[in-house]
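Trainee: Provided below: my_file-v3.pdb, containing PDB, C-alpha atoms.
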```pdb
ATOM      1  CA  MET A   1     -34.807 -86.292 -34.572
ATOM      2  CA  LEU A   2     -34.540 -83.088 -36.583
ATOM      3  CA  ARG A   3     -38.309 -82.805 -36.335
ATOM      4  CA  LEU A   4     -38.031 -82.686 -32.545
ATOM      5  CA  TYR A   5     -35.267 -80.076 -32.756
ATOM      6  CA  ARG A   6     -37.402 -78.040 -35.175
ATOM      7  CA  SER A   7     -40.333 -78.116 -32.769
ATOM      8  CA  LEU A   8     -38.070 -77.030 -29.914
ATOM      9  CA  LEU A   9     -36.747 -74.189 -32.055
ATOM     10  CA  ALA A  10     -40.352 -73.078 -32.520
ATOM     11  CA  LEU A  11     -40.363 -72.258 -28.795
ATOM     12  CA  TYR A  12     -37.869 -69.413 -29.314
ATOM     13  CA  PRO A  13     -39.122 -65.826 -29.761
ATOM     14  CA  ALA A  14     -39.944 -65.020 -33.411
ATOM     15  CA  PRO A  15     -37.131 -62.458 -33.984
ATOM     16  CA  TYR A  16     -34.542 -64.886 -32.645
ATOM     17  CA  ARG A  17     -35.997 -67.691 -34.781
ATOM     18  CA  ARG A  18     -35.840 -65.567 -37.924
ATOM     19  CA  GLU A  19     -32.197 -64.753 -37.230
ATOM     20  CA  TYR A  20     -30.810 -68.121 -36.169
ATOM     21  CA  ALA A  21     -33.294 -71.009 -36.669
ATOM     22  CA  ASP A  22     -32.016 -72.136 -40.114
ATOM     23  CA  GLU A  23     -28.429 -71.871 -39.011
ATOM     24  CA  MET A  24     -29.062 -73.798 -35.794
ATOM     25  CA  LEU A  25     -30.980 -76.505 -37.628
ATOM     26  CA  SER A  26     -28.088 -76.892 -40.046
ATOM     27  CA  VAL A  27     -25.625 -77.260 -37.149
ATOM     28  CA  LEU A  28     -27.937 -79.764 -35.447
ATOM     29  CA  ALA A  29     -28.094 -81.776 -38.688
ATOM     30  CA  GLN A  30     -24.275 -81.839 -38.805
ATOM     31  CA  VAL A  31     -24.105 -82.897 -35.146
ATOM     32  CA  GLU A  32     -26.596 -85.704 -35.813
ATOM     33  CA  GLY A  33     -24.722 -86.774 -38.950
ATOM     34  CA  ASN A  34     -21.437 -86.903 -37.057
ATOM     35  CA  ALA A  35     -23.012 -89.111 -34.379
ATOM     36  CA  ALA A  36     -24.512 -91.579 -36.883
ATOM     37  CA  HIS A  37     -22.043 -94.328 -35.921
ATOM     38  CA  ALA A  38     -21.886 -93.518 -32.206
ATOM     39  CA  THR A  39     -23.067 -95.936 -29.528
ATOM     40  CA  ALA A  40     -26.678 -95.853 -28.396
ATOM     41  CA  TRP A  41     -25.667 -94.320 -25.057
ATOM     42  CA  SER A  42     -23.664 -91.555 -26.766
ATOM     43  CA  LYS A  43     -26.648 -90.749 -28.977
ATOM     44  CA  ILE A  44     -28.992 -90.568 -25.974
ATOM     45  CA  SER A  45     -26.526 -88.332 -24.146
ATOM     46  CA  LEU A  46     -26.056 -86.062 -27.151
ATOM     47  CA  ARG A  47     -29.761 -85.720 -27.885
ATOM     48  CA  THR A  48     -30.574 -85.038 -24.239
ATOM     49  CA  ARG A  49     -27.895 -82.330 -24.151
ATOM     50  CA  GLU A  50     -29.111 -80.738 -27.384
ATOM     51  CA  ALA A  51     -32.790 -80.826 -26.384
ATOM     52  CA  THR A  52     -32.015 -79.394 -22.938
ATOM     53  CA  GLY A  53     -29.827 -76.702 -24.503
ATOM     54  CA  LEU A  54     -32.624 -75.675 -26.849
ATOM     55  CA  LEU A  55     -35.214 -75.609 -24.066
ATOM     56  CA  LEU A  56     -33.020 -73.536 -21.757
ATOM     57  CA  GLY A  57     -32.045 -71.286 -24.643
ATOM     58  CA  ALA A  58     -35.710 -70.640 -25.453
ATOM     59  CA  LEU A  59     -36.407 -69.812 -21.799
ATOM     60  CA  VAL A  60     -33.454 -67.415 -21.567
ATOM     61  CA  GLU A  61     -34.355 -65.640 -24.800
ATOM     62  CA  HIS A  62     -37.996 -65.242 -23.763
ATOM     63  CA  ALA A  63     -36.832 -63.843 -20.422
ATOM     64  CA  ARG A  64     -34.605 -61.406 -22.291
ATOM     65  CA  TYR A  65     -37.429 -60.258 -24.557
ATOM     66  CA  ILE A  66     -39.925 -59.966 -21.687
ATOM     67  CA  THR A  67     -37.642 -58.106 -19.293
ATOM     68  CA  GLY A  68     -36.186 -55.964 -22.049
ATOM     69  CA  LEU A  69     -32.711 -56.364 -20.637
ATOM     70  CA  PRO A  70     -29.991 -55.838 -23.247
ATOM     71  CA  VAL A  71     -28.226 -59.043 -22.230
ATOM     72  CA  ALA A  72     -29.758 -61.877 -20.227
ATOM     73  CA  PRO A  73     -27.615 -63.698 -17.684
ATOM     74  CA  VAL A  74     -26.777 -66.286 -20.314
ATOM     75  CA  LEU A  75     -25.024 -69.472 -19.246
ATOM     76  CA  PHE A  76     -25.639 -68.818 -15.536
ATOM     77  CA  PRO A  77     -22.116 -67.645 -14.645
ATOM     78  CA  ARG A  78     -22.206 -68.435 -10.947
ATOM     79  CA  ARG A  79     -24.016 -71.745 -11.135
ATOM     80  CA  SER A  80     -21.041 -74.047 -10.870
ATOM     81  CA  ARG A  81     -19.453 -72.372  -7.815
ATOM     82  CA  MET A  82     -22.153 -73.470  -5.400
ATOM     83  CA  ARG A  83     -21.675 -77.036  -6.532
ATOM     84  CA  SER A  84     -17.972 -77.072  -5.757
ATOM     85  CA  GLU A  85     -18.192 -75.284  -2.404
ATOM     86  CA  PHE A  86     -21.259 -76.807  -0.779
ATOM     87  CA  ARG A  87     -21.278 -80.564  -0.461
ATOM     88  CA  PHE A  88     -21.732 -83.125   2.256
ATOM     89  CA  PRO A  89     -18.823 -85.419   3.062
ATOM     90  CA  LYS A  90     -19.032 -88.613   1.045
ATOM     91  CA  ALA A  91     -19.155 -90.666   4.270
ATOM     92  CA  THR A  92     -22.355 -88.947   5.480
ATOM     93  CA  PRO A  93     -24.880 -91.056   3.515
ATOM     94  CA  ILE A  94     -23.025 -94.249   4.465
ATOM     95  CA  LEU A  95     -22.956 -93.256   8.149
ATOM     96  CA  MET A  96     -26.641 -92.317   8.072
ATOM     97  CA  THR A  97     -27.531 -95.647   6.452
ATOM     98  CA  VAL A  98     -25.535 -97.584   9.064
ATOM     99  CA  ILE A  99     -27.273 -95.680  11.887
ATOM    100  CA  LEU A 100     -30.697 -96.290  10.329
ATOM    101  CA  VAL A 101     -30.003-100.025   9.962
ATOM    102  CA  ALA A 102     -28.753-100.178  13.575
ATOM    103  CA  VAL A 103     -31.922 -98.448  14.863
ATOM    104  CA  ILE A 104     -34.188-100.796  12.878
ATOM    105  CA  MET A 105     -32.254-103.822  14.125
ATOM    106  CA  ALA A 106     -32.503-102.586  17.739
ATOM    107  CA  ILE A 107     -36.271-102.131  17.390
ATOM    108  CA  GLU A 108     -36.653-105.622  15.936
ATOM    109  CA  LYS A 109     -34.504-107.106  18.710
ATOM    110  CA  ALA A 110     -36.559-105.324  21.372
ATOM    111  CA  LYS A 111     -39.742-106.668  19.820
ATOM    112  CA  ALA A 112     -38.307-110.199  19.830
ATOM    113  CA  ILE A 113     -37.305-109.928  23.515
ATOM    114  CA  SER A 114     -40.712-108.503  24.385
ATOM    115  CA  ASP A 115     -42.480-111.377  22.595
ATOM    116  CA  SER A 116     -40.281-114.013  24.263
ATOM    117  CA  LEU A 117     -41.185-112.885  27.799
ATOM    118  CA  PRO A 118     -44.300-114.406  29.429
ATOM    119  CA  PRO A 119     -47.182-111.980  29.799
ATOM    120  CA  SER A 120     -47.302-110.531  33.286
ATOM    121  CA  SER A 121     -50.537-109.571  34.951
ATOM    122  CA  THR A 122     -48.893-107.506  37.674
ATOM    123  CA  PRO A 123     -48.508-103.913  36.545
ATOM    124  CA  ILE A 124     -45.145-102.232  36.931
ATOM    125  CA  PRO A 125     -45.299 -99.872  39.874
ATOM    126  CA  PRO A 126     -44.568 -96.216  39.239
ATOM    127  CA  ILE A 127     -41.049 -95.056  40.026
ATOM    128  CA  GLN A 128     -41.037 -93.284  43.333
ATOM    129  CA  PRO A 129     -38.814 -90.274  43.845
ATOM    130  CA  GLU A 130     -37.438 -91.719  47.095
ATOM    131  CA  HIS A 131     -35.755 -94.524  45.080
ATOM    132  CA  PHE A 132     -33.193 -91.968  43.919
ATOM    133  CA  SER A 133     -30.446 -90.770  46.189
ATOM    134  CA  THR A 134     -28.862 -87.316  45.859
ATOM    135  CA  VAL A 135     -25.642 -88.799  44.458
ATOM    136  CA  THR A 136     -27.522 -90.815  41.833
ATOM    137  CA  THR A 137     -29.520 -87.766  40.770
ATOM    138  CA  PHE A 138     -26.332 -85.734  40.461
ATOM    139  CA  LEU A 139     -24.700 -88.461  38.337
ATOM    140  CA  VAL A 140     -27.739 -88.692  36.049
ATOM    141  CA  ILE A 141     -27.750 -84.911  35.517
ATOM    142  CA  LEU A 142     -24.009 -85.006  34.843
ATOM    143  CA  ALA A 143     -24.452 -87.802  32.289
ATOM    144  CA  LEU A 144     -27.267 -85.887  30.576
ATOM    145  CA  ALA A 145     -25.155 -82.709  30.380
ATOM    146  CA  PHE A 146     -22.215 -84.684  28.993
ATOM    147  CA  SER A 147     -24.461 -86.358  26.369
ATOM    148  CA  SER A 148     -25.873 -82.963  25.334
ATOM    149  CA  ALA A 149     -22.358 -81.550  24.953
ATOM    150  CA  VAL A 150     -21.276 -84.528  22.817
ATOM    151  CA  ILE A 151     -24.368 -84.213  20.583
ATOM    152  CA  GLY A 152     -23.771 -80.454  20.216
ATOM    153  CA  TRP A 153     -20.147 -81.018  19.272
ATOM    154  CA  LEU A 154     -21.143 -83.707  16.727
ATOM    155  CA  VAL A 155     -23.701 -81.385  15.109
ATOM    156  CA  THR A 156     -21.145 -78.542  14.900
ATOM    157  CA  PHE A 157     -18.500 -80.899  13.505
ATOM    158  CA  THR A 158     -20.890 -82.237  10.829
ATOM    159  CA  LEU A 159     -21.932 -78.719   9.797
ATOM    160  CA  ARG A 160     -18.284 -77.644   9.528
ATOM    161  CA  ARG A 161     -17.441 -80.657   7.398
ATOM    162  CA  SER A 162     -20.448 -80.000   5.140
ATOM    163  CA  GLY A 163     -19.206 -76.468   4.382
ATOM    164  CA  VAL A 164     -22.349 -74.645   5.507
ATOM    165  CA  GLN A 165     -20.255 -71.860   7.080
ATOM    166  CA  ARG A 166     -18.987 -70.987   3.597
ATOM    167  CA  PHE A 167     -22.417 -69.622   2.728
ATOM    168  CA  SER A 168     -21.291 -66.341   4.270
ATOM    169  CA  ASP A 169     -18.612 -66.077   1.565
ATOM    170  CA  VAL A 170     -20.965 -66.634  -1.355
ATOM    171  CA  HIS A 171     -21.119 -63.732  -3.776
ATOM    172  CA  THR A 172     -24.217 -63.681  -5.892
ATOM    173  CA  GLY A 173     -24.364 -62.628  -9.516
ATOM    174  CA  ALA A 174     -26.927 -59.990  -8.537
ATOM    175  CA  ASN A 175     -24.358 -58.228  -6.333
ATOM    176  CA  GLU A 176     -21.897 -58.089  -9.183
ATOM    177  CA  VAL A 177     -24.491 -56.647 -11.520
ATOM    178  CA  ARG A 178     -25.196 -53.897  -9.015
ATOM    179  CA  LYS A 179     -21.497 -53.153  -8.619
ATOM    180  CA  SER A 180     -20.939 -52.958 -12.363
TER     181      SER A 180
ATOM    182  CA  MET B   1     -20.708 -57.372 -21.085
ATOM    183  CA  ASN B   2     -17.544 -56.746 -19.119
ATOM    184  CA  THR B   3     -14.671 -59.207 -19.090
ATOM    185  CA  ALA B   4     -15.452 -60.209 -15.502
ATOM    186  CA  SER B   5     -18.634 -61.927 -16.714
ATOM    187  CA  ILE B   6     -16.909 -64.174 -19.255
ATOM    188  CA  THR B   7     -17.742 -67.797 -18.593
ATOM    189  CA  GLU B   8     -15.626 -70.720 -19.723
ATOM    190  CA  PRO B   9     -17.850 -71.567 -22.737
ATOM    191  CA  VAL B  10     -17.778 -67.942 -23.898
ATOM    192  CA  LEU B  11     -14.011 -67.789 -23.450
ATOM    193  CA  LEU B  12     -13.576 -70.943 -25.539
ATOM    194  CA  ILE B  13     -15.823 -69.542 -28.278
ATOM    195  CA  LEU B  14     -13.776 -66.332 -28.369
ATOM    196  CA  LEU B  15     -10.521 -68.302 -28.454
ATOM    197  CA  SER B  16     -11.900 -70.401 -31.288
ATOM    198  CA  LEU B  17     -12.675 -67.273 -33.311
ATOM    199  CA  ALA B  18      -9.341 -65.647 -32.410
ATOM    200  CA  LYS B  19      -7.478 -67.867 -34.847
ATOM    201  CA  ARG B  20      -9.780 -67.462 -37.842
ATOM    202  CA  PRO B  21     -13.474 -66.997 -38.716
ATOM    203  CA  ARG B  22     -15.546 -70.115 -38.131
ATOM    204  CA  HIS B  23     -19.157 -71.231 -38.569
ATOM    205  CA  GLY B  24     -21.300 -72.784 -35.818
ATOM    206  CA  TYR B  25     -20.392 -76.437 -36.216
ATOM    207  CA  ALA B  26     -16.669 -75.652 -36.554
ATOM    208  CA  ILE B  27     -16.836 -73.661 -33.285
ATOM    209  CA  LEU B  28     -18.455 -76.643 -31.521
ATOM    210  CA  GLN B  29     -15.699 -78.957 -32.764
ATOM    211  CA  ASP B  30     -12.930 -76.527 -31.873
ATOM    212  CA  THR B  31     -14.163 -75.842 -28.322
ATOM    213  CA  LEU B  32     -14.394 -79.602 -27.764
ATOM    214  CA  GLU B  33     -10.821 -80.043 -28.978
ATOM    215  CA  MET B  34      -9.446 -77.101 -26.959
ATOM    216  CA  SER B  35     -10.985 -78.418 -23.742
ATOM    217  CA  ASP B  36      -9.749 -81.998 -24.334
ATOM    218  CA  GLY B  37     -13.313 -83.234 -24.758
ATOM    219  CA  ARG B  38     -14.499 -81.727 -21.466
ATOM    220  CA  MET B  39     -16.621 -78.878 -22.829
ATOM    221  CA  ARG B  40     -19.382 -80.209 -25.075
ATOM    222  CA  LEU B  41     -21.489 -77.191 -25.932
ATOM    223  CA  SER B  42     -25.032 -77.725 -27.112
ATOM    224  CA  THR B  43     -26.230 -75.846 -30.167
ATOM    225  CA  GLY B  44     -28.686 -73.858 -28.031
ATOM    226  CA  THR B  45     -25.924 -72.762 -25.678
ATOM    227  CA  LEU B  46     -23.597 -71.871 -28.558
ATOM    228  CA  TYR B  47     -26.129 -69.656 -30.321
ATOM    229  CA  GLY B  48     -27.205 -68.035 -27.050
ATOM    230  CA  ALA B  49     -23.585 -67.005 -26.523
ATOM    231  CA  LEU B  50     -23.094 -65.970 -30.167
ATOM    232  CA  ASN B  51     -26.212 -63.816 -29.982
ATOM    233  CA  ARG B  52     -24.935 -62.154 -26.823
ATOM    234  CA  LEU B  53     -21.479 -61.540 -28.304
ATOM    235  CA  LEU B  54     -22.975 -60.158 -31.534
ATOM    236  CA  LYS B  55     -25.222 -57.756 -29.646
ATOM    237  CA  GLU B  56     -22.258 -56.567 -27.550
ATOM    238  CA  GLY B  57     -20.109 -56.057 -30.637
ATOM    239  CA  TRP B  58     -17.425 -58.561 -29.653
ATOM    240  CA  ILE B  59     -17.961 -60.635 -32.827
ATOM    241  CA  GLU B  60     -19.465 -60.001 -36.252
ATOM    242  CA  ARG B  61     -20.810 -62.019 -39.142
ATOM    243  CA  TYR B  62     -18.240 -62.834 -41.769
ATOM    244  CA  ASP B  63     -19.146 -63.676 -45.354
ATOM    245  CA  GLY B  64     -16.416 -66.102 -46.333
ATOM    246  CA  ASP B  65     -16.185 -68.383 -49.347
ATOM    247  CA  ASP B  66     -18.792 -70.838 -48.118
ATOM    248  CA  GLN B  67     -22.063 -68.909 -47.726
ATOM    249  CA  SER B  68     -24.420 -71.840 -48.143
ATOM    250  CA  ARG B  69     -27.431 -72.260 -45.848
ATOM    251  CA  GLY B  70     -26.336 -72.706 -42.263
ATOM    252  CA  LYS B  71     -22.703 -71.908 -42.976
ATOM    253  CA  GLN B  72     -22.687 -68.377 -41.615
ATOM    254  CA  SER B  73     -19.236 -67.620 -40.237
ATOM    255  CA  TYR B  74     -18.311 -65.355 -37.344
ATOM    256  CA  ARG B  75     -15.131 -63.507 -36.494
ATOM    257  CA  LEU B  76     -13.797 -61.347 -33.693
ATOM    258  CA  THR B  77     -14.138 -57.586 -33.964
ATOM    259  CA  ALA B  78     -11.271 -55.300 -32.888
ATOM    260  CA  ALA B  79     -13.097 -54.638 -29.608
ATOM    261  CA  GLY B  80     -13.655 -58.359 -29.094
ATOM    262  CA  ARG B  81      -9.975 -59.133 -29.654
ATOM    263  CA  ARG B  82      -8.965 -56.364 -27.239
ATOM    264  CA  ASN B  83     -11.333 -57.666 -24.551
ATOM    265  CA  LEU B  84     -10.093 -61.203 -25.104
ATOM    266  CA  GLN B  85      -6.509 -60.036 -24.614
ATOM    267  CA  VAL B  86      -7.527 -58.368 -21.334
ATOM    268  CA  GLU B  87      -9.196 -61.584 -20.192
ATOM    269  CA  VAL B  88      -6.191 -63.710 -21.186
ATOM    270  CA  SER B  89      -3.871 -61.351 -19.263
ATOM    271  CA  ARG B  90      -6.141 -61.649 -16.227
ATOM    272  CA  LEU B  91      -6.076 -65.444 -16.443
ATOM    273  CA  LYS B  92      -2.277 -65.466 -16.848
ATOM    274  CA  HIS B  93      -1.927 -63.340 -13.716
ATOM    275  CA  LEU B  94      -4.343 -65.607 -11.844
ATOM    276  CA  ALA B  95      -2.475 -68.726 -12.980
ATOM    277  CA  ARG B  96       0.857 -67.193 -11.887
ATOM    278  CA  VAL B  97      -0.510 -66.288  -8.444
ATOM    279  CA  ALA B  98      -2.110 -69.730  -8.131
ATOM    280  CA  GLY B  99       1.188 -71.380  -9.047
ATOM    281  CA  LEU B 100       3.051 -69.373  -6.413
ATOM    282  CA  ARG B 101       0.474 -70.091  -3.734
ATOM    283  CA  VAL B 102       0.417 -73.812  -4.445
ATOM    284  CA  ALA B 103       4.228 -73.957  -4.517
ATOM    285  CA  ARG B 104       4.398 -72.222  -1.114
ATOM    286  CA  LYS B 105       1.857 -74.617   0.302
ATOM    287  CA  GLU B 106       3.861 -77.650  -0.823
ATOM    288  CA  THR B 107       7.135 -76.496   0.789
TER     289      THR B 107
END
```
Take the structure in this file and express it as structure tokens.

Mentor:
Amino acid sequence: MLRLYRSLLALYPAPYRREYADEMLSVLAQVEGNAAHATAWSKISLRTREATGLLLGALVEHARYITGLPVAPVLFPRRSRMRSEFRFPKATPILMTVILVAVIMAIEKAKAISDSLPPSSTPIPPIQPEHFSTVTTFLVILALAFSSAVIGWLVTFTLRRSGVQRFSDVHTGANEVRKS
Amino acid sequence: MNTASITEPVLLILLSLAKRPRHGYAILQDTLEMSDGRMRLSTGTLYGALNRLLKEGWIERYDGDDQSRGKQSYRLTAAGRRNLQVEVSRLKHLARVAGLRVARKET
């Protein structure tokens, strides 16, 4: 495992490696030694965390050397805030799954009804406008308007629950850098 | 680095060094203990933060008794300790305000 860590350390910029590589390898050896009797899952988790940390560290340090900035935005200070503020309600995936299953079942049922009916040779005549009365037309329009309003309200309600409106309150790290 | 940009891992590292000088592995163990096992820093993250704090003059290398390979210790500088105190005062104020707000909400 130390061989893998050593190869990941080789990804760091040379000056950084000269300064910290031996020290980091020693710490990694101690971490590995401490986890010798841990469960297999703990070892996998630990090694994944260490390898990811080394990879991200190498990326950040290279970015720092390339850009020439005195201090890179190490540890991504604002990363966790987005996670806590923007999330869908837990019921959304369940509701979406139920709706999807209902739609599939309705399609299957319609197919079954269609197959059970005897084939008809007489074509269905086109709907003539005179079949509709003024009152019926008015009621249909009213129903359509009502349905549109309900759908609009549902969309707005879902967006509010998901926290999308909070995007306007998000302060980026870039803004803070400019201010400072 | 101003105190406003201190992240939780960096704060824990500074708190770990506030008590006494420590080497890398001891800092990892101490941060884990201070956060009740919640904050498991990787070695890459730890040394990224140490490098940043060294460059900013918040910490310095300390040659203690054990100077074997990989046992380099670090300690807070006077400036680092002062900045940490400012940050701790800010957090105390925030915690006090949060406590008052939550208490008002409950009544």

Trainee: Applied to the shown file, which residues does the PyMOL selection byres ((chain A) within 8 of (chain B)) return, written as a PyMOL selection string?

Mentor: chain A and resi 20+22-28+30-31+49-50+53-57+61+71+74-75+77

Trainee: For CA of Lys19 (chain B) and CA of Tyr74 (chain B), determine how far apart the two atoms are, in Å to one decimal place.

Mentor: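 Computing it gives 11.4 Å between the two atoms.
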
Trainee: Running the PyMOL selection byres ((chain B and resi 18) around 9) on this model by hand, what would come out? Give it as a count of residues only.

Mentor: 12

Trainee: Could you state the separation of CA of Ala145 (chain A) and CA of Phe157 (chain A) in Å, given to one decimal place?

Mentor: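 Distance reported for this atom pair: 18.2 Å.
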
Trainee: Take CA of His62 (chain A) and CA of Arg6 (chain A) and report the distance between them in Å, one decimal.

Mentor: 17.2 Å

Trainee: Work out where the centre of an axis-aligned box around every listed atom of region 32-50 of chain A lies and how long its edges are once 6 Å is added on each side; give both in Å to one decimal as JSON.

Mentor:
```
{"center_x": -26.0, "center_y": -88.3, "center_z": -31.5, "size_x": 21.1, "size_y": 27.2, "size_z": 26.8}
```
